[in-house]
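Participant: Sharing final26.cif (mmCIF, C-alpha atoms and all ligand atoms) below.
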data_entry
#
loop_
_atom_site.label_atom_id
_atom_site.label_comp_id
_atom_site.auth_asym_id
_atom_site.auth_seq_id
_atom_site.Cartn_x
_atom_site.Cartn_y
_atom_site.Cartn_z
CA MET A 697 -23.12 63.70 -7.88
CA SER A 698 -22.06 64.05 -11.48
CA ALA A 699 -24.24 64.59 -14.51
CA VAL A 700 -23.17 61.16 -15.81
CA ALA A 701 -24.79 59.55 -12.77
CA GLY A 702 -28.11 60.58 -14.33
CA ARG A 703 -27.74 57.61 -16.65
CA GLU A 704 -27.80 55.25 -13.66
CA GLY A 705 -31.19 56.49 -12.52
CA PRO A 706 -33.06 59.74 -12.17
CA LEU A 707 -31.19 62.14 -9.99
CA ALA A 708 -34.05 64.55 -9.87
CA ILE A 709 -37.73 64.71 -10.64
CA VAL A 710 -39.24 68.10 -11.49
CA LEU A 711 -42.93 68.04 -10.63
CA ASP A 712 -45.88 70.11 -11.69
CA VAL A 713 -48.48 71.03 -9.03
CA ASP A 714 -51.90 71.81 -10.56
CA GLY A 715 -53.50 68.69 -11.97
CA THR A 716 -50.40 66.57 -11.22
CA LEU A 717 -49.65 66.51 -7.48
CA VAL A 718 -53.07 67.84 -6.59
CA ASP A 719 -56.61 67.78 -7.97
CA SER A 720 -56.85 71.53 -7.78
CA GLU A 721 -58.56 72.84 -10.88
CA ARG A 722 -62.24 71.80 -11.01
CA ASP A 723 -63.10 72.03 -7.30
CA GLY A 724 -60.32 74.39 -6.27
CA HIS A 725 -59.18 77.17 -8.59
CA ARG A 726 -62.48 77.19 -10.52
CA VAL A 727 -64.48 77.65 -7.32
CA ALA A 728 -62.13 80.43 -6.16
CA PHE A 729 -62.44 82.28 -9.49
CA ASN A 730 -66.24 82.11 -9.23
CA ARG A 731 -66.27 83.38 -5.64
CA ALA A 732 -64.03 86.27 -6.65
CA PHE A 733 -66.34 87.14 -9.56
CA GLN A 734 -69.30 87.07 -7.20
CA GLU A 735 -67.63 89.26 -4.58
CA ALA A 736 -66.74 91.78 -7.31
CA ASP A 737 -70.42 91.86 -8.41
CA LEU A 738 -69.46 90.51 -11.79
CA PRO A 739 -71.96 88.20 -13.53
CA TYR A 740 -69.40 85.64 -14.72
CA ARG A 741 -69.51 82.03 -13.47
CA TRP A 742 -67.31 79.30 -14.92
CA ASP A 743 -68.95 75.88 -15.07
CA VAL A 744 -66.93 72.66 -15.15
CA GLU A 745 -67.01 72.36 -18.94
CA LEU A 746 -66.17 75.99 -19.72
CA TYR A 747 -63.31 75.90 -17.23
CA GLY A 748 -61.86 72.94 -19.11
CA GLU A 749 -61.68 75.10 -22.25
CA LEU A 750 -60.22 78.05 -20.34
CA LEU A 751 -57.42 75.88 -18.93
CA GLU A 752 -55.78 76.05 -22.34
CA VAL A 753 -54.54 79.48 -21.16
CA THR A 754 -52.08 79.04 -18.29
CA GLY A 755 -51.98 81.52 -15.40
CA GLY A 756 -55.08 82.72 -13.61
CA GLU A 757 -54.81 86.40 -14.49
CA ARG A 758 -54.19 85.60 -18.15
CA ARG A 759 -57.13 83.13 -18.04
CA ILE A 760 -59.55 85.85 -16.85
CA ASP A 761 -58.20 88.25 -19.45
CA ALA A 762 -58.61 85.66 -22.24
CA TYR A 763 -62.19 84.97 -21.12
CA LEU A 764 -63.10 88.67 -21.13
CA ARG A 765 -61.48 89.05 -24.55
CA ARG A 766 -63.85 86.29 -25.78
CA ARG A 767 -66.64 88.51 -24.50
CA GLU A 768 -65.17 91.39 -26.52
CA MET A 769 -64.33 93.60 -23.54
CA ALA A 770 -61.84 96.39 -24.26
CA ALA A 771 -58.21 95.65 -23.38
CA GLU A 772 -57.78 98.24 -20.66
CA GLU A 773 -60.97 97.31 -18.80
CA ARG A 774 -60.32 93.60 -18.93
CA ALA A 775 -56.72 94.01 -17.76
CA GLU A 776 -57.93 95.94 -14.71
CA ILE A 777 -60.63 93.38 -13.90
CA ALA A 778 -58.25 90.45 -14.45
CA ARG A 779 -55.67 91.94 -12.10
CA ARG A 780 -58.19 92.82 -9.38
CA VAL A 781 -60.24 89.63 -9.51
CA HIS A 782 -57.16 87.43 -9.70
CA ALA A 783 -55.67 89.10 -6.64
CA ARG A 784 -58.82 88.25 -4.66
CA LYS A 785 -59.01 84.76 -6.19
CA THR A 786 -55.47 84.17 -4.93
CA GLU A 787 -56.49 85.09 -1.38
CA ILE A 788 -59.52 82.80 -1.55
CA PHE A 789 -57.57 79.87 -2.98
CA THR A 790 -54.73 80.32 -0.50
CA GLU A 791 -57.26 80.03 2.31
CA MET A 792 -58.76 76.91 0.71
CA ALA A 793 -55.28 75.38 0.57
CA ARG A 794 -54.56 76.29 4.19
CA GLN A 795 -57.90 74.78 5.29
CA GLY A 796 -57.10 71.45 3.65
CA GLU A 797 -59.71 71.72 0.90
CA ILE A 798 -57.22 70.70 -1.81
CA GLN A 799 -56.22 67.05 -1.86
CA PRO A 800 -53.26 65.17 -3.35
CA ARG A 801 -54.00 62.89 -6.28
CA ALA A 802 -54.23 59.20 -5.37
CA GLY A 803 -50.80 57.58 -5.25
CA VAL A 804 -48.80 60.83 -5.14
CA GLY A 805 -47.89 60.59 -1.44
CA GLU A 806 -46.60 57.03 -1.91
CA LEU A 807 -44.54 57.99 -4.96
CA LEU A 808 -42.94 60.99 -3.22
CA ASP A 809 -42.09 58.87 -0.17
CA GLU A 810 -40.52 56.23 -2.41
CA LEU A 811 -38.47 58.79 -4.36
CA GLU A 812 -37.33 60.63 -1.26
CA GLY A 813 -36.44 57.35 0.46
CA ALA A 814 -34.23 56.45 -2.52
CA GLY A 815 -32.44 59.79 -2.41
CA VAL A 816 -34.02 61.16 -5.59
CA ARG A 817 -33.94 64.95 -5.55
CA LEU A 818 -37.33 66.64 -5.89
CA ALA A 819 -38.16 70.03 -7.36
CA ILE A 820 -41.29 71.91 -8.37
CA ALA A 821 -41.93 73.83 -11.60
CA THR A 822 -45.34 75.47 -11.63
CA THR A 823 -47.13 78.30 -13.33
CA GLY A 824 -49.18 78.83 -10.15
CA GLY A 825 -48.66 81.69 -7.72
CA ALA A 826 -46.17 81.57 -4.85
CA ALA A 827 -48.80 82.80 -2.34
CA TRP A 828 -50.67 79.49 -2.41
CA VAL A 829 -48.09 77.05 -3.79
CA HIS A 830 -45.85 77.18 -0.71
CA PRO A 831 -48.57 76.68 1.95
CA LEU A 832 -50.26 73.99 -0.14
CA LEU A 833 -47.07 71.97 -0.63
CA ASP A 834 -46.16 72.41 3.00
CA ARG A 835 -49.50 71.24 4.29
CA LEU A 836 -49.78 68.22 2.00
CA PHE A 837 -46.23 66.98 1.62
CA GLY A 838 -43.87 69.11 3.70
CA ALA A 839 -42.24 71.86 1.62
CA GLU A 840 -38.76 71.00 2.86
CA ARG A 841 -38.62 67.83 0.80
CA PHE A 842 -38.48 69.95 -2.37
CA GLU A 843 -35.01 71.32 -3.02
CA ALA A 844 -36.32 73.96 -5.39
CA ILE A 845 -39.82 75.39 -5.72
CA VAL A 846 -40.18 77.54 -8.83
CA THR A 847 -43.47 79.44 -9.17
CA ARG A 848 -44.75 82.22 -11.38
CA ALA A 849 -42.98 84.70 -9.11
CA GLU A 850 -39.61 83.46 -10.40
CA ALA A 851 -40.69 82.31 -13.88
CA PRO A 852 -43.26 84.81 -15.18
CA GLU A 853 -43.09 83.41 -18.73
CA LEU A 854 -45.72 80.75 -18.20
CA LYS A 855 -45.89 77.19 -19.55
CA PRO A 856 -45.54 76.09 -22.33
CA ASP A 857 -42.50 78.33 -21.94
CA PRO A 858 -39.66 76.24 -20.45
CA SER A 859 -38.36 78.88 -18.03
CA ALA A 860 -39.80 77.30 -14.84
CA HIS A 861 -38.23 73.93 -15.67
CA ARG A 862 -34.94 75.56 -16.64
CA LEU A 863 -34.81 77.51 -13.41
CA ALA A 864 -35.60 74.37 -11.37
CA LEU A 865 -32.68 72.61 -13.10
CA ALA A 866 -30.40 75.57 -12.47
CA ARG A 867 -31.29 75.51 -8.78
CA LEU A 868 -30.61 71.79 -8.64
CA GLY A 869 -27.33 72.37 -10.50
CA LEU A 870 -28.21 69.64 -13.00
CA PRO A 871 -28.31 69.33 -16.79
CA PRO A 872 -31.66 68.31 -18.32
CA SER A 873 -30.31 64.80 -19.02
CA ALA A 874 -30.10 64.15 -15.26
CA ALA A 875 -33.74 64.90 -14.52
CA GLN A 876 -37.27 64.00 -15.54
CA ALA A 877 -40.50 65.93 -15.36
CA ILE A 878 -43.96 64.77 -14.33
CA GLU A 879 -46.82 66.81 -15.81
CA ASP A 880 -50.54 66.44 -16.45
CA SER A 881 -51.12 68.64 -19.51
CA ARG A 882 -50.00 69.37 -23.05
CA ASN A 883 -48.76 72.80 -21.96
CA GLY A 884 -46.71 71.20 -19.18
CA LEU A 885 -45.31 68.53 -21.52
CA ARG A 886 -44.25 71.17 -24.05
CA ALA A 887 -42.55 73.21 -21.32
CA ALA A 888 -40.64 70.22 -19.97
CA LYS A 889 -39.60 69.02 -23.43
CA SER A 890 -38.48 72.51 -24.48
CA ALA A 891 -36.25 72.53 -21.39
CA GLY A 892 -34.76 69.22 -22.57
CA LEU A 893 -36.32 67.01 -19.91
CA ALA A 894 -37.79 63.57 -20.30
CA CYS A 895 -41.45 63.81 -19.34
CA VAL A 896 -44.00 61.40 -17.87
CA VAL A 897 -47.58 62.60 -18.24
CA VAL A 898 -50.24 61.54 -15.73
CA VAL A 899 -53.50 62.74 -17.23
CA ASN A 900 -56.66 63.83 -15.42
CA ASP A 901 -60.26 64.34 -16.55
CA TYR A 902 -59.47 67.75 -18.00
CA THR A 903 -56.39 66.69 -19.97
CA VAL A 904 -57.12 63.09 -21.01
CA ASP A 905 -58.01 64.03 -24.60
CA GLN A 906 -55.00 66.28 -25.20
CA ASP A 907 -52.23 65.40 -27.65
CA PHE A 908 -49.26 63.97 -25.76
CA ALA A 909 -47.03 63.22 -28.75
CA GLY A 910 -43.44 63.25 -27.56
CA ALA A 911 -44.22 62.15 -23.99
CA ASP A 912 -41.99 59.37 -22.64
CA LEU A 913 -44.85 57.66 -20.81
CA VAL A 914 -48.52 58.53 -20.42
CA LEU A 915 -50.65 57.07 -17.60
CA ASP A 916 -54.22 57.74 -16.51
CA GLY A 917 -53.21 57.98 -12.84
CA PHE A 918 -50.34 57.36 -10.43
CA GLY A 919 -51.87 53.98 -9.56
CA GLY A 920 -51.63 51.88 -6.45
CA PRO A 921 -52.73 48.58 -4.96
CA GLU A 922 -56.43 49.38 -5.17
CA ASP A 923 -56.48 51.34 -8.42
CA ALA A 924 -53.99 50.24 -11.05
CA ALA A 925 -52.93 52.93 -13.51
CA THR A 926 -53.75 52.32 -17.17
CA VAL A 927 -50.93 52.92 -19.63
CA LEU A 928 -52.07 55.27 -22.41
CA SER A 929 -48.73 55.50 -24.22
CA ASP A 930 -45.44 53.73 -23.53
CA PRO A 931 -43.01 54.41 -26.40
CA HIS A 932 -39.97 53.04 -24.52
CA GLY A 933 -41.66 49.82 -23.33
CA LEU A 934 -41.26 50.72 -19.66
CA GLU A 935 -44.32 48.68 -18.64
CA PRO A 936 -45.05 50.29 -15.26
CA PRO A 937 -46.50 47.78 -12.79
CA GLY A 938 -49.94 49.32 -12.34
CA ARG A 939 -48.41 52.44 -10.80
CA LEU A 940 -45.75 55.03 -11.50
CA ASP A 941 -42.84 53.82 -9.38
CA LEU A 942 -39.15 54.48 -8.86
CA ASP A 943 -38.08 51.50 -10.94
CA THR A 944 -40.04 52.76 -13.96
CA LEU A 945 -38.42 56.20 -13.67
CA ARG A 946 -34.98 54.59 -13.33
CA ARG A 947 -35.55 52.52 -16.44
CA LEU A 948 -36.63 55.64 -18.31
CA ALA A 949 -33.35 57.31 -17.36
CA ARG A 950 -31.44 54.31 -18.74
CA VAL A 951 -33.17 54.20 -22.14
CA LEU A 952 -32.72 57.89 -22.86
C1 LIG A 1001 -51.44 75.88 -13.72
C2 LIG A 1001 -52.08 77.15 -14.07
C3 LIG A 1001 -52.54 78.06 -12.99
C4 LIG A 1001 -53.71 77.56 -12.17
C5 LIG A 1001 -54.27 78.68 -11.32
O1 LIG A 1001 -50.72 75.35 -14.84
O2 LIG A 1001 -52.19 77.48 -15.23
O3 LIG A 1001 -52.95 79.24 -13.61
O4 LIG A 1001 -54.75 77.10 -13.03
O5 LIG A 1001 -53.28 79.24 -10.50
P1 LIG A 1001 -49.58 74.24 -14.63
P2 LIG A 1001 -53.03 80.84 -10.46
O6 LIG A 1001 -50.21 73.09 -13.88
O7 LIG A 1001 -49.19 73.83 -16.02
O8 LIG A 1001 -48.42 74.86 -13.88
O9 LIG A 1001 -54.35 81.50 -10.28
O10 LIG A 1001 -52.08 81.06 -9.32
O11 LIG A 1001 -52.44 81.21 -11.80
MG MG A 1002 -50.54 71.08 -14.50
#
In structure tokens, what does this structure look like?

Facilitator:
Amino acid sequence: MSAVAGREGPLAIVLDVDGTLVDSERDGHRVAFNRAFQEADLPYRWDVELYGELLEVTGGERRIDAYLRRREMAAEERAEIARRVHARKTEIFTEMARQGEIQPRAGVGELLDELEGAGVRLAIATTGGAAWVHPLLDRLFGAERFEAIVTRAEAPELKPDPSAHRLALARLGLPPSAAQAIEDSRNGLRAAKSAGLACVVVVNDYTVDQDFAGADLVLDGFGGPEDAATVLSDPHGLEPPGRLDLDTLRRLARVL
């Protein structure tokens, strides 16, 4: 396949995991952070609203560190706690993923099946940790359908840094013009755009009020027969038919 073929339709879709493929933050990561705090005899508990604010900082270890900085803890102490608690949080969340406690977002399975059936190449660019990303993707979707899975282990400069998206493109052997990203957050959009990718944003409850200027399409869900997606921004006039589908992504590739 040549790079020029990207103009005929998307050759590759680079997908985010947290908040995009899976509803993992409120009832997944947040719960695991709180269990890890409890096990460490630390008094911190993150409620749903506070966690929404903390999500502004990507990466679980950095998120704990930023929270403790807000509480004016000294740098050395908070770095040690962040490292230790995050290591345990990762074990807890990995087990949650293995046990099937983390679910795909509605419509994601259908979209992936449609893309794979049409020969679209799929890759992952996430700020999450490799320890849980691989088992989670494998359990929910089958990891082998993703040609490249880039996690924090390979791209330690976290979103909004574009390194995860760039590495996913490098592994696919494609220029940015031949691929599109799907993200759920402002940080994810910035990362994808900085890597030169077109980007569709599918918001969730935590990200719906963020600024998505520059996004190529913004929807409130992936949509489906029983729950049509609402278009929040459609600068190219793609008019998705109540769901994010292959045809919409193909038309996006043509207008860019
Ligand atoms: C995801 C993150 C991650 C998760 C927690 O961002 O920032 O930190 O919240 O996972 P994105 P870890 O969806 O933009 O990739 O604890 O493994 O960091
Ligand atoms: Mg995300």

Participant: Measuring atom to atom with all atoms listed in the file, identify which of A:Pro800, A:Gly884, A:Pro931, A:Gly838 is nearest to ligand MG 1002 (chain A).

Facilitator: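 With all atoms listed in the file as the atom set, the closest residue is A:Gly884.
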
Participant: Can you measure CA of Leu854 in chain A to CA of Ala877 in chain A for me? One decimal in Å is fine.

Facilitator: 16.0 Å

Participant: Using only C-alpha atoms and all ligand atoms, which residues of chain A come within 8 Å of ligand LIG 1001 (chain A), and what is the closest atom pair for each, with the distance in Å to one decimal? Give it as a tab-separated table, sorted by chain and residue number.

Facilitator:
residue	atom	partner	partner_atom	distance
A:Asp712	CA	A:LIG1001	O6	5.7
A:Val713	CA	A:LIG1001	O6	5.5
A:Asp714	CA	A:LIG1001	O6	3.9
A:Gly715	CA	A:LIG1001	O6	5.8
A:Thr716	CA	A:LIG1001	O6	7.0
A:Ser720	CA	A:LIG1001	O4	7.9
A:Glu721	CA	A:LIG1001	O4	6.1
A:His725	CA	A:LIG1001	C5	5.8
A:Leu751	CA	A:LIG1001	O4	6.6
A:Val753	CA	A:LIG1001	O2	6.7
A:Thr754	CA	A:LIG1001	O2	3.4
A:Gly755	CA	A:LIG1001	O3	3.1
A:Gly756	CA	A:LIG1001	O11	3.5
A:Glu757	CA	A:LIG1001	O11	6.3
A:Arg758	CA	A:LIG1001	O3	7.9
A:Arg759	CA	A:LIG1001	O3	7.2
A:His782	CA	A:LIG1001	O9	6.6
A:Lys785	CA	A:LIG1001	O9	7.0
A:Thr786	CA	A:LIG1001	O9	6.1
A:Ala821	CA	A:LIG1001	O8	7.0
A:Thr822	CA	A:LIG1001	O8	3.9
A:Thr823	CA	A:LIG1001	O8	3.7
A:Gly824	CA	A:LIG1001	O10	3.8
A:Gly825	CA	A:LIG1001	O10	3.8
A:Ala826	CA	A:LIG1001	O10	7.4
A:Ala827	CA	A:LIG1001	O10	7.9
A:Trp828	CA	A:LIG1001	O10	7.2
A:Val829	CA	A:LIG1001	O10	7.9
A:Arg848	CA	A:LIG1001	O10	7.7
A:Leu854	CA	A:LIG1001	O8	7.8
A:Lys855	CA	A:LIG1001	O7	5.9
A:Pro856	CA	A:LIG1001	O7	7.6
A:Glu879	CA	A:LIG1001	O6	7.4
A:Asp880	CA	A:LIG1001	O6	7.1
A:Ser881	CA	A:LIG1001	O7	6.5
A:Asn883	CA	A:LIG1001	O7	6.0
A:Gly884	CA	A:LIG1001	O7	4.8

Participant: Separation of CA of Leu865 in chain A and CA of Ala887 in chain A, in Å?

Facilitator: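 These two atoms are separated by 12.9 Å.
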
Participant: Kindly indicate which residue among A:Ile788, A:Leu934, A:Ala728, A:Leu836 lies nearest to Leu952 in chain A, using only C-alpha atoms for the distances.

Facilitator: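 Checking each of A:Ile788, A:Leu934, A:Ala728, A:Leu836 against Leu952 in chain A, counting only C-alpha atoms, the winner is A:Leu934.
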
Participant: Rebuild N, CA and C atoms on range 770-787 of chain A, as a PDB file, keeping the file's coordinate frame?

Facilitator:
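The resulting file, selection-v2.pdb, is shown below:
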ATOM      1  N   ALA A 770     -63.018  95.617 -23.839  1.00  0.00           N
ATOM      2  CA  ALA A 770     -61.840  96.390 -24.260  1.00  0.00           C
ATOM      3  C   ALA A 770     -60.621  96.031 -23.394  1.00  0.00           C
ATOM      4  N   ALA A 771     -59.446  96.155 -23.999  1.00  0.00           N
ATOM      5  CA  ALA A 771     -58.210  95.650 -23.380  1.00  0.00           C
ATOM      6  C   ALA A 771     -57.941  96.273 -22.011  1.00  0.00           C
ATOM      7  N   GLU A 772     -58.116  97.562 -21.915  1.00  0.00           N
ATOM      8  CA  GLU A 772     -57.780  98.240 -20.660  1.00  0.00           C
ATOM      9  C   GLU A 772     -58.703  97.786 -19.519  1.00  0.00           C
ATOM     10  N   GLU A 773     -59.988  97.715 -19.825  1.00  0.00           N
ATOM     11  CA  GLU A 773     -60.970  97.310 -18.800  1.00  0.00           C
ATOM     12  C   GLU A 773     -60.727  95.877 -18.353  1.00  0.00           C
ATOM     13  N   ARG A 774     -60.486  95.007 -19.329  1.00  0.00           N
ATOM     14  CA  ARG A 774     -60.320  93.600 -18.930  1.00  0.00           C
ATOM     15  C   ARG A 774     -59.017  93.387 -18.166  1.00  0.00           C
ATOM     16  N   ALA A 775     -57.990  94.153 -18.498  1.00  0.00           N
ATOM     17  CA  ALA A 775     -56.720  94.010 -17.760  1.00  0.00           C
ATOM     18  C   ALA A 775     -56.918  94.423 -16.299  1.00  0.00           C
ATOM     19  N   GLU A 776     -57.680  95.476 -16.085  1.00  0.00           N
ATOM     20  CA  GLU A 776     -57.930  95.940 -14.710  1.00  0.00           C
ATOM     21  C   GLU A 776     -58.745  94.917 -13.940  1.00  0.00           C
ATOM     22  N   ILE A 777     -59.791  94.390 -14.576  1.00  0.00           N
ATOM     23  CA  ILE A 777     -60.630  93.380 -13.900  1.00  0.00           C
ATOM     24  C   ILE A 777     -59.808  92.123 -13.630  1.00  0.00           C
ATOM     25  N   ALA A 778     -59.028  91.686 -14.616  1.00  0.00           N
ATOM     26  CA  ALA A 778     -58.250  90.450 -14.450  1.00  0.00           C
ATOM     27  C   ALA A 778     -57.291  90.583 -13.272  1.00  0.00           C
ATOM     28  N   ARG A 779     -56.636  91.727 -13.179  1.00  0.00           N
ATOM     29  CA  ARG A 779     -55.670  91.940 -12.100  1.00  0.00           C
ATOM     30  C   ARG A 779     -56.374  91.931 -10.736  1.00  0.00           C
ATOM     31  N   ARG A 780     -57.474  92.657 -10.655  1.00  0.00           N
ATOM     32  CA  ARG A 780     -58.190  92.820  -9.380  1.00  0.00           C
ATOM     33  C   ARG A 780     -58.843  91.496  -8.944  1.00  0.00           C
ATOM     34  N   VAL A 781     -59.546  90.866  -9.871  1.00  0.00           N
ATOM     35  CA  VAL A 781     -60.240  89.630  -9.510  1.00  0.00           C
ATOM     36  C   VAL A 781     -59.237  88.524  -9.201  1.00  0.00           C
ATOM     37  N   HIS A 782     -58.138  88.484  -9.966  1.00  0.00           N
ATOM     38  CA  HIS A 782     -57.160  87.430  -9.700  1.00  0.00           C
ATOM     39  C   HIS A 782     -56.481  87.613  -8.347  1.00  0.00           C
ATOM     40  N   ALA A 783     -56.277  88.862  -7.957  1.00  0.00           N
ATOM     41  CA  ALA A 783     -55.670  89.100  -6.640  1.00  0.00           C
ATOM     42  C   ALA A 783     -56.581  88.538  -5.536  1.00  0.00           C
ATOM     43  N   ARG A 784     -57.868  88.768  -5.659  1.00  0.00           N
ATOM     44  CA  ARG A 784     -58.820  88.250  -4.660  1.00  0.00           C
ATOM     45  C   ARG A 784     -58.930  86.729  -4.752  1.00  0.00           C
ATOM     46  N   LYS A 785     -58.974  86.225  -6.001  1.00  0.00           N
ATOM     47  CA  LYS A 785     -59.010  84.760  -6.190  1.00  0.00           C
ATOM     48  C   LYS A 785     -57.825  84.095  -5.502  1.00  0.00           C
ATOM     49  N   THR A 786     -56.671  84.738  -5.561  1.00  0.00           N
ATOM     50  CA  THR A 786     -55.470  84.170  -4.930  1.00  0.00           C
ATOM     51  C   THR A 786     -55.651  84.085  -3.421  1.00  0.00           C
ATOM     52  N   GLU A 787     -56.229  85.124  -2.829  1.00  0.00           N
ATOM     53  CA  GLU A 787     -56.490  85.090  -1.380  1.00  0.00           C
ATOM     54  C   GLU A 787     -57.460  83.949  -1.033  1.00  0.00           C
TER      55      GLU A 787
END
